[in-house]
$ cat final36.cif   # mmCIF, C-alpha atoms
data_data
loop_
_atom_site.label_atom_id
_atom_site.label_comp_id
_atom_site.auth_asym_id
_atom_site.auth_seq_id
_atom_site.Cartn_x
_atom_site.Cartn_y
_atom_site.Cartn_z
CA MET Q 1 -15.72 -28.67 61.30
CA GLU Q 2 -12.98 -26.74 59.54
CA ALA Q 3 -13.90 -23.54 57.72
CA LYS Q 4 -13.00 -24.99 54.33
CA GLU Q 5 -15.17 -28.05 54.83
CA ILE Q 6 -18.13 -25.89 55.85
CA ILE Q 7 -17.70 -23.84 52.68
CA ALA Q 8 -17.26 -26.86 50.40
CA ARG Q 9 -20.31 -28.61 51.88
CA ARG Q 10 -22.49 -25.54 51.44
CA VAL Q 11 -21.35 -24.87 47.86
CA ALA Q 12 -22.02 -28.51 46.93
CA GLN Q 13 -25.70 -27.90 47.60
CA GLU Q 14 -25.79 -25.25 44.88
CA ILE Q 15 -24.87 -27.72 42.16
CA GLU Q 16 -27.79 -28.83 40.00
CA PRO Q 17 -27.92 -32.30 38.45
CA ASP Q 18 -26.88 -32.75 34.82
CA THR Q 19 -24.91 -29.53 34.58
CA LEU Q 20 -21.37 -28.61 33.53
CA VAL Q 21 -19.36 -27.22 36.43
CA ASN Q 22 -15.82 -25.84 36.68
CA LEU Q 23 -14.14 -25.96 40.09
CA GLY Q 24 -11.10 -23.79 40.72
CA ILE Q 25 -7.88 -25.04 42.29
CA GLY Q 26 -7.65 -25.40 46.08
CA LEU Q 27 -10.73 -24.91 48.24
CA PRO Q 28 -13.21 -24.93 45.31
CA SER Q 29 -11.97 -28.36 44.19
CA MET Q 30 -13.06 -29.77 47.60
CA VAL Q 31 -16.68 -29.20 46.61
CA ALA Q 32 -16.69 -32.38 44.51
CA ASN Q 33 -16.18 -34.44 47.68
CA TYR Q 34 -19.53 -33.37 49.13
CA LEU Q 35 -21.77 -33.84 46.13
CA PRO Q 36 -24.60 -36.34 46.82
CA LYS Q 37 -23.94 -39.58 44.89
CA GLU Q 38 -27.18 -39.41 42.93
CA VAL Q 39 -26.36 -35.96 41.55
CA HIS Q 40 -24.65 -36.49 38.24
CA VAL Q 41 -22.66 -33.57 36.88
CA PHE Q 42 -19.79 -33.21 34.49
CA PHE Q 43 -16.83 -31.33 35.87
CA GLN Q 44 -14.78 -29.37 33.38
CA ALA Q 45 -11.07 -28.79 33.77
CA GLU Q 46 -10.24 -25.85 31.54
CA ASN Q 47 -7.00 -27.43 30.37
CA GLY Q 48 -9.14 -29.74 28.30
CA VAL Q 49 -11.50 -32.31 29.76
CA ILE Q 50 -15.21 -32.53 30.35
CA GLY Q 51 -15.88 -35.30 32.84
CA LEU Q 52 -12.99 -34.94 35.23
CA GLY Q 53 -12.69 -37.91 37.59
CA ALA Q 54 -10.92 -38.65 40.87
CA ARG Q 55 -7.19 -39.13 41.27
CA PRO Q 56 -6.03 -42.45 39.75
CA PRO Q 57 -4.52 -45.24 41.86
CA GLU Q 58 -0.78 -44.89 42.37
CA GLY Q 59 1.20 -46.15 39.42
CA MET Q 60 -1.83 -45.80 37.09
CA GLU Q 61 -1.36 -42.10 36.29
CA ASP Q 62 -1.49 -40.98 32.65
CA PRO Q 63 0.94 -38.09 32.05
CA ASP Q 64 -1.49 -36.77 29.42
CA LEU Q 65 -4.44 -36.55 31.82
CA THR Q 66 -4.23 -33.81 34.43
CA ASP Q 67 -6.45 -31.13 35.93
CA ALA Q 68 -5.92 -27.38 35.65
CA GLY Q 69 -3.56 -27.50 38.62
CA GLY Q 70 -1.37 -30.06 36.87
CA GLY Q 71 -2.41 -32.92 39.18
CA PHE Q 72 -3.13 -36.41 37.83
CA VAL Q 73 -6.82 -37.19 37.36
CA THR Q 74 -9.05 -39.74 35.66
CA ALA Q 75 -11.94 -39.23 33.26
CA VAL Q 76 -15.46 -40.52 33.95
CA PRO Q 77 -17.55 -42.54 31.47
CA GLY Q 78 -18.90 -40.12 28.87
CA ALA Q 79 -15.92 -37.80 29.18
CA ALA Q 80 -14.61 -35.74 26.26
CA SER Q 81 -11.15 -34.31 25.70
CA ILE Q 82 -11.04 -30.91 24.06
CA ASP Q 83 -8.49 -28.28 23.03
CA SER Q 84 -8.15 -24.88 24.68
CA ALA Q 85 -10.22 -23.03 22.05
CA MET Q 86 -13.15 -25.41 22.60
CA SER Q 87 -12.65 -25.30 26.35
CA PHE Q 88 -12.82 -21.51 26.54
CA GLY Q 89 -15.48 -21.40 23.84
CA LEU Q 90 -17.64 -23.41 26.24
CA ILE Q 91 -16.80 -21.05 29.08
CA ARG Q 92 -17.36 -17.76 27.25
CA GLY Q 93 -20.17 -19.06 25.09
CA GLY Q 94 -22.60 -19.62 27.94
CA HIS Q 95 -22.29 -23.44 27.96
CA LEU Q 96 -20.75 -23.63 31.42
CA ASP Q 97 -23.50 -23.72 34.05
CA MET Q 98 -21.38 -22.88 37.06
CA THR Q 99 -17.90 -21.95 38.14
CA VAL Q 100 -16.68 -22.00 41.73
CA LEU Q 101 -13.63 -19.83 42.38
CA GLY Q 102 -11.61 -18.65 45.32
CA GLY Q 103 -11.51 -14.95 46.13
CA LEU Q 104 -9.19 -12.34 47.58
CA GLN Q 105 -11.90 -9.67 47.78
CA VAL Q 106 -15.54 -9.19 46.80
CA ASP Q 107 -17.33 -5.87 47.05
CA GLU Q 108 -20.81 -4.36 47.36
CA ARG Q 109 -21.25 -4.41 43.61
CA GLY Q 110 -20.57 -8.14 43.67
CA TYR Q 111 -17.29 -7.64 41.82
CA LEU Q 112 -14.52 -10.16 42.47
CA ALA Q 113 -10.77 -9.63 42.76
CA ASN Q 114 -8.84 -12.88 42.81
CA TRP Q 115 -5.85 -12.79 40.48
CA MET Q 116 -3.14 -10.47 41.74
CA ILE Q 117 -1.76 -8.42 44.62
CA PRO Q 118 0.29 -5.66 42.98
CA GLY Q 119 3.94 -5.78 44.06
CA LYS Q 120 3.45 -9.05 45.92
CA MET Q 121 1.77 -11.80 43.97
CA VAL Q 122 1.46 -11.69 40.20
CA PRO Q 123 0.63 -15.23 39.15
CA GLY Q 124 -1.50 -14.22 36.18
CA MET Q 125 -5.21 -14.60 35.66
CA GLY Q 126 -5.06 -17.98 33.94
CA GLY Q 127 -8.66 -18.84 33.11
CA ALA Q 128 -10.27 -16.81 35.91
CA MET Q 129 -11.25 -13.76 33.85
CA ASP Q 130 -12.93 -15.89 31.18
CA LEU Q 131 -14.68 -17.99 33.83
CA VAL Q 132 -16.10 -14.98 35.66
CA ALA Q 133 -17.05 -13.20 32.45
CA GLY Q 134 -18.62 -16.26 30.85
CA ALA Q 135 -20.09 -18.81 33.28
CA LYS Q 136 -23.84 -18.72 33.85
CA HIS Q 137 -23.40 -18.83 37.64
CA VAL Q 138 -20.30 -17.65 39.45
CA ILE Q 139 -19.86 -18.77 43.06
CA VAL Q 140 -17.07 -17.32 45.17
CA ALA Q 141 -15.93 -19.81 47.83
CA MET Q 142 -13.59 -18.25 50.36
CA VAL Q 143 -12.92 -17.84 54.06
CA HIS Q 144 -14.68 -14.78 55.43
CA THR Q 145 -11.62 -12.85 56.59
CA ALA Q 146 -7.88 -12.86 55.95
CA ARG Q 147 -5.84 -12.60 59.18
CA GLY Q 148 -8.83 -11.02 60.84
CA LYS Q 149 -9.34 -8.46 58.09
CA PRO Q 150 -12.57 -8.41 56.08
CA LYS Q 151 -12.43 -9.67 52.49
CA ILE Q 152 -15.95 -8.54 51.68
CA LEU Q 153 -15.44 -4.82 51.19
CA ARG Q 154 -17.30 -1.69 50.15
CA GLU Q 155 -15.10 -1.58 47.07
CA CYS Q 156 -12.29 -3.91 46.00
CA ASN Q 157 -8.86 -2.27 46.16
CA LEU Q 158 -7.14 -5.12 44.35
CA PRO Q 159 -7.38 -5.39 40.55
CA LEU Q 160 -10.74 -6.82 39.47
CA THR Q 161 -11.14 -10.16 37.74
CA ALA Q 162 -14.19 -8.97 35.84
CA ARG Q 163 -16.78 -6.23 35.88
CA ARG Q 164 -19.57 -8.68 36.51
CA ARG Q 165 -21.74 -9.24 39.55
CA VAL Q 166 -21.04 -12.73 40.90
CA SER Q 167 -24.02 -14.95 41.75
CA LEU Q 168 -23.23 -16.00 45.31
CA ILE Q 169 -20.54 -15.67 48.01
CA VAL Q 170 -20.13 -18.63 50.36
CA THR Q 171 -17.90 -18.36 53.42
CA GLU Q 172 -17.76 -20.32 56.69
CA MET Q 173 -19.74 -17.48 58.29
CA ALA Q 174 -22.32 -16.63 55.69
CA VAL Q 175 -24.05 -17.10 52.38
CA ILE Q 176 -24.37 -13.73 50.68
CA GLU Q 177 -26.15 -12.92 47.44
CA PRO Q 178 -25.04 -9.85 45.52
CA THR Q 179 -28.07 -8.08 44.03
CA GLU Q 180 -28.75 -4.82 42.27
CA ASP Q 181 -29.50 -3.26 45.67
CA GLY Q 182 -26.39 -4.63 47.36
CA LEU Q 183 -25.26 -7.68 49.31
CA VAL Q 184 -28.10 -9.67 50.86
CA LEU Q 185 -27.27 -11.87 53.85
CA LYS Q 186 -29.08 -15.14 53.08
CA GLU Q 187 -27.70 -17.52 55.73
CA VAL Q 188 -25.33 -17.50 58.67
CA GLY Q 189 -22.77 -20.23 59.29
CA PRO Q 190 -22.50 -22.60 62.26
CA GLY Q 191 -21.90 -20.74 65.47
CA ALA Q 192 -22.11 -17.29 63.86
CA SER Q 193 -24.74 -14.66 64.60
CA VAL Q 194 -25.93 -11.96 62.23
CA ASP Q 195 -23.95 -9.45 64.30
CA ASP Q 196 -20.79 -11.58 64.03
CA VAL Q 197 -21.11 -11.59 60.25
CA ILE Q 198 -21.75 -7.85 60.10
CA SER Q 199 -18.70 -7.08 62.22
CA ALA Q 200 -16.48 -9.35 60.09
CA THR Q 201 -17.69 -7.66 56.90
CA GLU Q 202 -16.73 -4.18 55.73
CA ALA Q 203 -19.43 -4.00 53.08
CA LYS Q 204 -22.97 -3.07 54.01
CA LEU Q 205 -25.14 -6.18 54.32
CA ILE Q 206 -28.87 -6.16 53.68
CA VAL Q 207 -30.59 -8.19 56.41
CA GLN Q 208 -34.19 -9.14 55.73
CA GLY Q 209 -36.07 -10.62 58.69
CA ASP Q 210 -34.76 -13.74 60.39
CA VAL Q 211 -31.67 -15.06 58.68
CA PRO Q 212 -31.67 -18.88 58.54
CA LYS Q 213 -28.75 -21.05 59.65
CA MET Q 214 -26.63 -22.65 56.99
CA SER Q 215 -27.51 -26.30 56.46
CA LEU Q 216 -24.46 -28.46 55.88
CA PHE Q 217 -25.93 -31.83 55.13
CA SER Q 218 -27.76 -32.74 51.99
CA GLU Q 219 -31.33 -33.98 52.38
CA SER Q 220 -30.48 -37.44 51.05
CA MET P 221 5.88 -37.93 2.92
CA LYS P 222 7.84 -36.01 5.57
CA GLN P 223 11.49 -36.42 6.45
CA ALA P 224 11.93 -36.98 10.18
CA ILE P 225 14.62 -34.75 11.73
CA LYS P 226 16.48 -34.83 15.02
CA ALA P 227 15.69 -32.38 17.82
CA ALA P 228 19.16 -30.79 17.48
CA GLU P 229 18.53 -30.22 13.74
CA ALA P 230 15.20 -28.60 14.54
CA ALA P 231 16.88 -26.27 17.04
CA GLU P 232 19.37 -25.23 14.31
CA LEU P 233 16.44 -23.80 12.34
CA ILE P 234 15.56 -21.31 15.08
CA PRO P 235 17.49 -18.01 15.05
CA ASP P 236 18.07 -15.83 18.12
CA GLY P 237 15.26 -13.33 18.60
CA SER P 238 12.51 -15.57 17.24
CA THR P 239 8.94 -15.68 18.51
CA LEU P 240 7.96 -19.23 19.45
CA LEU P 241 4.46 -20.51 20.08
CA ILE P 242 4.91 -23.50 22.41
CA GLY P 243 2.13 -25.94 23.23
CA GLY P 244 1.47 -27.32 26.70
CA PHE P 245 -0.28 -26.72 29.99
CA MET P 246 2.01 -27.00 33.02
CA GLY P 247 4.30 -29.10 30.86
CA VAL P 248 1.55 -31.52 29.80
CA GLY P 249 1.53 -31.63 26.01
CA SER P 250 4.76 -29.63 25.67
CA PRO P 251 7.45 -30.55 23.13
CA HIS P 252 10.04 -31.57 25.71
CA ARG P 253 12.76 -32.81 23.33
CA LEU P 254 12.60 -29.59 21.31
CA ILE P 255 12.84 -27.52 24.49
CA ASP P 256 15.90 -29.49 25.61
CA ALA P 257 17.51 -28.94 22.19
CA ILE P 258 16.88 -25.17 22.37
CA VAL P 259 18.52 -25.05 25.79
CA ALA P 260 21.45 -27.14 24.51
CA ARG P 261 21.99 -24.84 21.55
CA GLY P 262 21.73 -21.77 23.77
CA ILE P 263 19.32 -19.78 21.62
CA ASN P 264 18.83 -16.29 23.04
CA ASP P 265 16.48 -13.36 23.05
CA LEU P 266 13.43 -15.52 22.41
CA THR P 267 9.84 -14.43 22.82
CA ILE P 268 7.64 -17.30 23.82
CA VAL P 269 3.89 -17.45 23.66
CA ALA P 270 2.45 -20.23 25.80
CA ASN P 271 -0.24 -20.84 28.35
CA ASP P 272 2.25 -20.85 31.22
CA THR P 273 5.93 -21.25 32.03
CA ALA P 274 5.42 -24.59 33.84
CA MET P 275 7.81 -24.86 36.77
CA PRO P 276 11.59 -24.78 37.21
CA GLY P 277 13.15 -27.87 35.66
CA ARG P 278 10.10 -28.80 33.61
CA GLY P 279 9.06 -27.90 30.05
CA ILE P 280 9.14 -24.18 29.34
CA GLY P 281 10.55 -23.68 32.84
CA LYS P 282 13.88 -24.94 31.45
CA LEU P 283 13.94 -22.06 28.94
CA VAL P 284 13.36 -19.60 31.78
CA THR P 285 16.21 -21.06 33.84
CA ALA P 286 18.60 -21.17 30.87
CA GLY P 287 18.12 -17.46 30.19
CA CYS P 288 16.84 -18.02 26.64
CA LEU P 289 13.88 -15.67 27.02
CA THR P 290 13.46 -11.92 26.97
CA ARG P 291 9.70 -11.86 26.57
CA VAL P 292 6.86 -14.13 27.70
CA VAL P 293 3.23 -13.90 26.66
CA ALA P 294 1.25 -16.23 28.93
CA SER P 295 -1.90 -16.53 31.03
CA HIS P 296 -0.22 -17.85 34.15
CA ILE P 297 3.27 -17.82 35.66
CA GLY P 298 2.19 -18.52 39.26
CA LEU P 299 3.79 -21.94 39.60
CA ASN P 300 7.17 -20.77 38.36
CA PRO P 301 8.74 -18.42 40.94
CA GLU P 302 11.75 -18.01 38.65
CA THR P 303 9.64 -16.38 35.93
CA GLN P 304 8.22 -14.02 38.55
CA GLN P 305 11.69 -13.13 39.85
CA LYS P 306 12.98 -12.45 36.32
CA MET P 307 9.90 -10.37 35.60
CA ILE P 308 10.47 -8.25 38.72
CA SER P 309 14.20 -7.86 37.98
CA GLY P 310 13.38 -6.78 34.41
CA GLU P 311 15.20 -9.65 32.71
CA ILE P 312 11.99 -10.95 31.18
CA ASP P 313 9.14 -8.79 29.97
CA VAL P 314 5.87 -10.58 30.77
CA GLU P 315 2.52 -9.89 29.14
CA LEU P 316 -0.31 -11.63 30.98
CA VAL P 317 -3.28 -12.52 28.81
CA PRO P 318 -6.50 -14.27 29.91
CA GLN P 319 -6.29 -17.89 28.81
CA GLY P 320 -9.35 -17.85 26.58
CA THR P 321 -8.19 -14.61 24.98
CA LEU P 322 -4.70 -15.99 24.44
CA VAL P 323 -5.88 -19.04 22.56
CA GLU P 324 -8.27 -16.98 20.41
CA ARG P 325 -5.59 -14.39 19.58
CA ILE P 326 -3.38 -17.23 18.36
CA ARG P 327 -6.28 -18.79 16.48
CA ALA P 328 -7.09 -15.41 14.89
CA ALA P 329 -3.55 -15.22 13.54
CA GLY P 330 -3.78 -18.77 12.25
CA VAL P 331 -7.11 -18.45 10.49
CA GLY P 332 -6.66 -15.03 8.93
CA LEU P 333 -8.75 -12.89 11.24
CA GLY P 334 -7.80 -9.31 12.09
CA GLY P 335 -8.51 -9.87 15.78
CA ILE P 336 -11.28 -11.01 18.06
CA LEU P 337 -13.94 -9.29 20.15
CA THR P 338 -14.25 -10.70 23.66
CA PRO P 339 -16.06 -9.65 26.84
CA THR P 340 -13.21 -11.10 28.92
CA GLY P 341 -11.09 -8.42 30.56
CA LEU P 342 -13.61 -5.58 30.32
CA GLY P 343 -13.32 -3.31 33.35
CA THR P 344 -9.97 -4.84 34.36
CA LEU P 345 -6.27 -4.06 33.86
CA VAL P 346 -6.44 -6.12 30.65
CA GLU P 347 -8.57 -3.40 29.09
CA GLU P 348 -5.79 -0.77 29.27
CA GLY P 349 -4.79 0.65 25.90
CA LYS P 350 -7.28 -1.47 23.98
CA GLN P 351 -10.16 -0.45 21.79
CA ILE P 352 -13.69 -1.18 23.04
CA VAL P 353 -16.11 -2.11 20.28
CA THR P 354 -19.87 -2.08 20.83
CA VAL P 355 -21.89 -4.68 18.94
CA SER P 356 -25.69 -4.72 19.32
CA GLY P 357 -25.37 -2.69 22.51
CA ARG P 358 -22.78 -4.99 24.13
CA ASP P 359 -19.18 -3.97 24.75
CA PHE P 360 -16.24 -6.10 23.73
CA LEU P 361 -12.47 -5.72 23.84
CA LEU P 362 -10.65 -5.80 20.53
CA GLU P 363 -7.77 -8.23 20.92
CA GLU P 364 -5.17 -8.50 18.20
CA PRO P 365 -3.78 -11.66 16.58
CA ILE P 366 -0.55 -13.27 17.82
CA HIS P 367 1.67 -14.75 15.12
CA GLY P 368 4.70 -16.93 15.71
CA ASP P 369 7.86 -17.39 13.68
CA PHE P 370 7.72 -20.99 14.85
CA ALA P 371 5.09 -23.18 16.42
CA LEU P 372 6.50 -26.02 18.51
CA ILE P 373 3.83 -28.66 18.82
CA ALA P 374 3.62 -31.83 20.90
CA ALA P 375 1.36 -34.60 19.61
CA HIS P 376 0.45 -38.12 20.65
CA GLN P 377 1.19 -39.54 17.23
CA ALA P 378 1.98 -38.49 13.70
CA ASP P 379 1.80 -40.40 10.44
CA TYR P 380 4.31 -40.19 7.58
CA VAL P 381 2.59 -37.15 6.02
CA GLY P 382 2.54 -35.30 9.34
CA ASN P 383 -1.11 -35.71 10.29
CA LEU P 384 -1.33 -35.28 14.06
CA GLU P 385 -3.48 -36.89 16.71
CA TYR P 386 -3.51 -35.69 20.30
CA SER P 387 -4.21 -37.36 23.62
CA LEU P 388 -6.58 -36.28 26.43
CA THR P 389 -5.50 -33.04 28.15
CA ALA P 390 -2.34 -32.88 26.04
CA HIS P 391 -4.35 -31.20 23.26
CA ASN P 392 -4.54 -27.82 24.97
CA PHE P 393 -2.93 -25.10 22.79
CA ASN P 394 -1.25 -27.46 20.31
CA PRO P 395 -3.89 -27.80 17.57
CA ILE P 396 -4.46 -24.03 17.59
CA MET P 397 -0.77 -23.08 17.53
CA ALA P 398 -0.18 -25.42 14.59
CA LEU P 399 -2.14 -22.88 12.51
CA ALA P 400 -0.27 -19.79 13.64
CA GLY P 401 3.45 -20.48 13.20
CA LYS P 402 5.25 -19.54 9.99
CA THR P 403 7.24 -22.73 10.50
CA VAL P 404 5.61 -25.59 12.36
CA ILE P 405 7.73 -28.24 14.07
CA ALA P 406 5.83 -31.19 15.51
CA GLU P 407 7.17 -33.54 18.15
CA PRO P 408 5.10 -36.75 18.22
CA GLN P 409 5.53 -39.51 20.78
CA THR P 410 5.26 -42.09 18.01
CA ILE P 411 5.16 -42.07 14.21
CA VAL P 412 2.82 -44.51 12.49
CA PRO P 413 2.22 -45.48 8.83
CA ILE P 414 -0.27 -43.56 6.75
CA GLY P 415 -3.77 -44.87 7.41
CA VAL P 416 -3.24 -45.75 11.05
CA ILE P 417 -4.66 -42.39 12.11
CA SER P 418 -8.18 -42.31 10.69
CA PRO P 419 -9.03 -39.12 8.81
CA ASP P 420 -11.72 -38.47 11.43
CA SER P 421 -9.10 -38.54 14.19
CA VAL P 422 -6.69 -36.08 12.56
CA LYS P 423 -6.81 -32.82 14.54
CA THR P 424 -3.92 -31.15 12.72
CA PRO P 425 -3.70 -31.91 9.00
CA GLY P 426 -0.17 -32.76 7.90
CA ILE P 427 -0.15 -29.92 5.36
CA LEU P 428 0.35 -27.55 8.32
CA VAL P 429 3.43 -29.38 9.60
CA ASP P 430 6.79 -28.32 8.12
CA HIS P 431 9.08 -30.53 10.17
CA LEU P 432 8.48 -33.75 12.04
CA LEU P 433 10.76 -34.82 14.86
CA GLU P 434 11.97 -38.40 14.66
CA ARG P 435 10.31 -40.88 16.98
CA GLN P 436 11.17 -40.80 20.65
CA PRO P 437 14.43 -42.70 21.23
CA ASP P 438 14.08 -46.05 23.00
CA GLY P 439 13.93 -46.00 26.73
CA SER P 440 12.68 -42.44 27.12
#
$ encode --input "final36.cif" --output "structure tokens"
Amino acid sequence: MEAKEIIARRVAQEIEPDTLVNLGIGLPSMVANYLPKEVHVFFQAENGVIGLGARPPEGMEDPDLTDAGGGFVTAVPGAASIDSAMSFGLIRGGHLDMTVLGGLQVDERGYLANWMIPGKMVPGMGGAMDLVAGAKHVIVAMVHTARGKPKILRECNLPLTARRRVSLIVTEMAVIEPTEDGLVLKEVGPGASVDDVISATEAKLIVQGDVPKMSLFSES
Amino acid sequence: MKQAIKAAEAAELIPDGSTLLIGGFMGVGSPHRLIDAIVARGINDLTIVANDTAMPGRGIGKLVTAGCLTRVVASHIGLNPETQQKMISGEIDVELVPQGTLVERIRAAGVGLGGILTPTGLGTLVEEGKQIVTVSGRDFLLEEPIHGDFALIAAHQADYVGNLEYSLTAHNFNPIMALAGKTVIAEPQTIVPIGVISPDSVKTPGILVDHLLERQPDGS
């Protein structure tokens, strides 16, 4: 199984029924594919829809209905269209249960950097700073290393997205929970040992007893 | 009752050096005919305030390519490499603002507030040079209002008095910007008789709209 699929499958298990969830562009958006059918959630796209649906059949696209990446989408029954002030009011106001975002770096404090690489990549923060500052749960979904180099560091050296401890980090190698005491290794991914995870991570990991294997298939 | 004007006439109203608030999210819900008319007239030295600069050849991206802009205030420029190149070369000054902060700064200007207090951006580069205000023990950034000389609004439909109704994710910044421009120019896809848009469906009251673009020409 590809790293991204492992991550998306594991993150999908974190989603509670009847919640409002925002999935970032790219890897995080794959999470929707692995949600058990009986789990009903509303997905928010911050450009203005609650109840984001799948891509429409070809030729049926509505130019006024896209996701935050600009791709054509549909809206599910019960959907609502909203303006940007309402959309970000929901995000900052504590009405968004969960956001899943990609990451460039996360550190021992649980702080995330995911919006720029000075001198190289300056796309802008878009909605990321509001999402990390405002969502009730923030899940970082990313591959564990970049070209062999750790992305989970003692301290981020890229500009931070927010000064807020994220709720959970999910990679293909591990599930890690940032806490007041530091990063707790909760699960290891398929084929990875605790030692593998530790050597692919610059930050100090707290290992408590036997660390369970990541489960990739929902109970149902 | 409003007089409908042509896009070229609307562009004549805009002097060089103006600040334009332009609706849209990756070109969805952007006033495309107005943008084309600005490019055709060759208006220069513009500051634009918008969520993003779309992509080359689309929406606000056309203003970037045509060299109309000297300053951009946006949350995201990542999908328009041309904006990034012109930022690096110094041709365009770019201020990146978190999306939720951007819409509230515009709203603040439009509704007579002296600014907003937001947790977004605390502890990040966005904080630089800004006042931190503590309310009930919680820190917030003081973000100042953003006014526009013009607001260029795209709407689904307008009626003869300029009441506007929006469609799906084409709301985005439009209803908010309609409050914050000294002169508001609305570009509807269709214009309908008074009464067709129910008062409950009006998102922008016609009293805010100074100029209404004539209906979309046939075949476009």
$ residues_around --input "final36.cif" --residues "Gly320 in chain P" --least-positions-apart "6" --cutoff "7 Å" --atoms "only C-alpha atoms" --output "PyMOL selection string"
chain Q and resi 85+88+127+130
$ resolve_selection --input "final36.cif" --expression "the PyMOL selection byres ((chain Q and resi 188) around 8)" --output "list of chain:residue names"
Q:Met173, Q:Ala174, Q:Val175, Q:Leu185, Q:Lys186, Q:Glu187, Q:Gly189, Q:Pro190, Q:Ala192, Q:Ser193, Q:Val194, Q:Val197, Q:Val211, Q:Pro212, Q:Lys213, Q:Met214
$ interface_residues --input "final36.cif" --of "chain P" --to "chain Q" --cutoff "7 Å" --atoms "all atoms listed in the file" --output "list of chain:residue names"
P:Phe245, P:Met246, P:Val248, P:Gly249, P:Ser295, P:His296, P:Ile297, P:Gly298, P:Leu316, P:Pro318, P:Gln319, P:Gly320, P:Val323, P:Glu324, P:Pro339, P:Thr340, P:Gly341, P:Leu342, P:Gly343, P:Thr344, P:Leu345, P:Ser387, P:Leu388, P:Thr389, P:Ala390, P:His391, P:Asn392, P:Phe393
$ residues_around --input "final36.cif" --residues "Val31 in chain Q" --least-positions-apart "4" --cutoff "8 Å" --atoms "all atoms listed in the file" --output "list of chain:residue names"
Q:Ala8, Q:Arg9, Q:Val11, Q:Ala12, Q:Leu23, Q:Leu27, Q:Leu35
$ residues_near_point --input "final36.cif" --point "(0.4, -23.0, 21.5)" --cutoff "7 Å" --atoms "only C-alpha atoms" --output "list in words"
Leu241, Ile242, Gly243, Gly244, Val269, Ala270, Ala371, Phe393, Asn394, Ile396 and Met397 of chain P
$ residues_around --input "final36.cif" --residues "Arg291 in chain P" --least-positions-apart "4" --cutoff "9 Å" --atoms "all atoms listed in the file" --output "list in words"
Thr239, Asp265, Leu266, Thr267, Ile268, Val269, Glu311, Ile312, Asp313, Val314 and Glu315 of chain P
$ write_last_selection --input "final36.cif" --atoms "C-alpha atoms" --output "CSV table (one decimal), in the coordinates of the input"
chain,number,residue,atom,x,y,z
P,239,THR,CA,8.9,-15.7,18.5
P,265,ASP,CA,16.5,-13.4,23.0
P,266,LEU,CA,13.4,-15.5,22.4
P,267,THR,CA,9.8,-14.4,22.8
P,268,ILE,CA,7.6,-17.3,23.8
P,269,VAL,CA,3.9,-17.4,23.7
P,311,GLU,CA,15.2,-9.6,32.7
P,312,ILE,CA,12.0,-11.0,31.2
P,313,ASP,CA,9.1,-8.8,30.0
P,314,VAL,CA,5.9,-10.6,30.8
P,315,GLU,CA,2.5,-9.9,29.1
$ closest_residue --input "final36.cif" --among "P:Arg327, P:Lys423, P:His376, P:Arg358" --to "Gly401 in chain P" --atoms "all atoms listed in the file"
P:Arg327
$ residues_near_point --input "final36.cif" --point "(3.0, -18.6, 12.3)" --cutoff "8 Å" --atoms "all atoms listed in the file" --output "PyMOL selection string"
chain P and resi 329-330+367-371+397-404
$ resolve_selection --input "final36.cif" --expression "the PyMOL selection byres ((chain Q and resi 202) around 7)" --output "tab-separated table (two decimals) with C-alpha atoms, in the coordinates of the input"
chain	number	residue	atom	x	y	z
Q	150	PRO	CA	-12.57	-8.41	56.08
Q	152	ILE	CA	-15.95	-8.54	51.68
Q	153	LEU	CA	-15.44	-4.82	51.19
Q	154	ARG	CA	-17.30	-1.69	50.15
Q	200	ALA	CA	-16.48	-9.35	60.09
Q	201	THR	CA	-17.69	-7.66	56.90
Q	203	ALA	CA	-19.43	-4.00	53.08
Q	204	LYS	CA	-22.97	-3.07	54.01
$ residues_around --input "final36.cif" --residues "Val106 in chain Q" --least-positions-apart "3" --cutoff "10 Å" --atoms "only C-alpha atoms" --output "ChimeraX atom specification"
/Q:103,109-114,140,142,150-158,160,165-166,169,178,203
$ residues_around --input "final36.cif" --residues "Leu337 in chain P" --least-positions-apart "5" --cutoff "7 Å" --atoms "all atoms listed in the file" --output "PyMOL selection string"
chain P and resi 360-363
$ resolve_selection --input "final36.cif" --expression "the PyMOL selection byres ((chain P and resi 425) around 9)" --output "list of chain:residue names"
P:Val381, P:Gly382, P:Asn383, P:Leu384, P:Pro419, P:Val422, P:Lys423, P:Thr424, P:Gly426, P:Ile427, P:Leu428, P:Val429
$ atom_distance --input "final36.cif" --atom1 "CA of Ser421 in chain P" --atom2 "CA of Ile373 in chain P"
16.9 Å
$ closest_residue --input "final36.cif" --among "P:Leu283, P:Met307, P:Ile336, P:Leu433" --to "Tyr380 in chain P" --atoms "all atoms listed in the file"
P:Leu433
$ atom_distance --input "final36.cif" --atom1 "CA of Gly182 in chain Q" --atom2 "CA of Pro28 in chain Q"
24.3 Å
$ axis_aligned_box --input "final36.cif" --around "range 185-193 of chain Q" --padding-each-side "6 Å" --output "JSON"
{"center_x": -25.5, "center_y": -17.2, "center_z": 59.3, "size_x": 19.2, "size_y": 22.7, "size_z": 24.4}
$ closest_residue --input "final36.cif" --among "P:Asn271, P:Asn264, P:Gln223, P:Gln304" --to "Gly287 in chain P" --atoms "all atoms listed in the file"
P:Asn264
$ decode --input "final36.cif" --residues "range 392-398 of chain P" --atoms "C-alpha atoms" --output "compact mmCIF listing (two decimals), in the first residue's frame"
# COMPACT_ATOMS: atom_id res chain seq x y z
CA ASN P 392 -17.08 33.93 -1.56
CA PHE P 393 -15.82 37.52 -1.03
CA ASN P 394 -18.47 39.24 -3.16
CA PRO P 395 -21.21 40.04 -0.61
CA ILE P 396 -18.59 41.35 1.84
CA MET P 397 -16.72 43.48 -0.70
CA ALA P 398 -19.98 45.07 -1.83
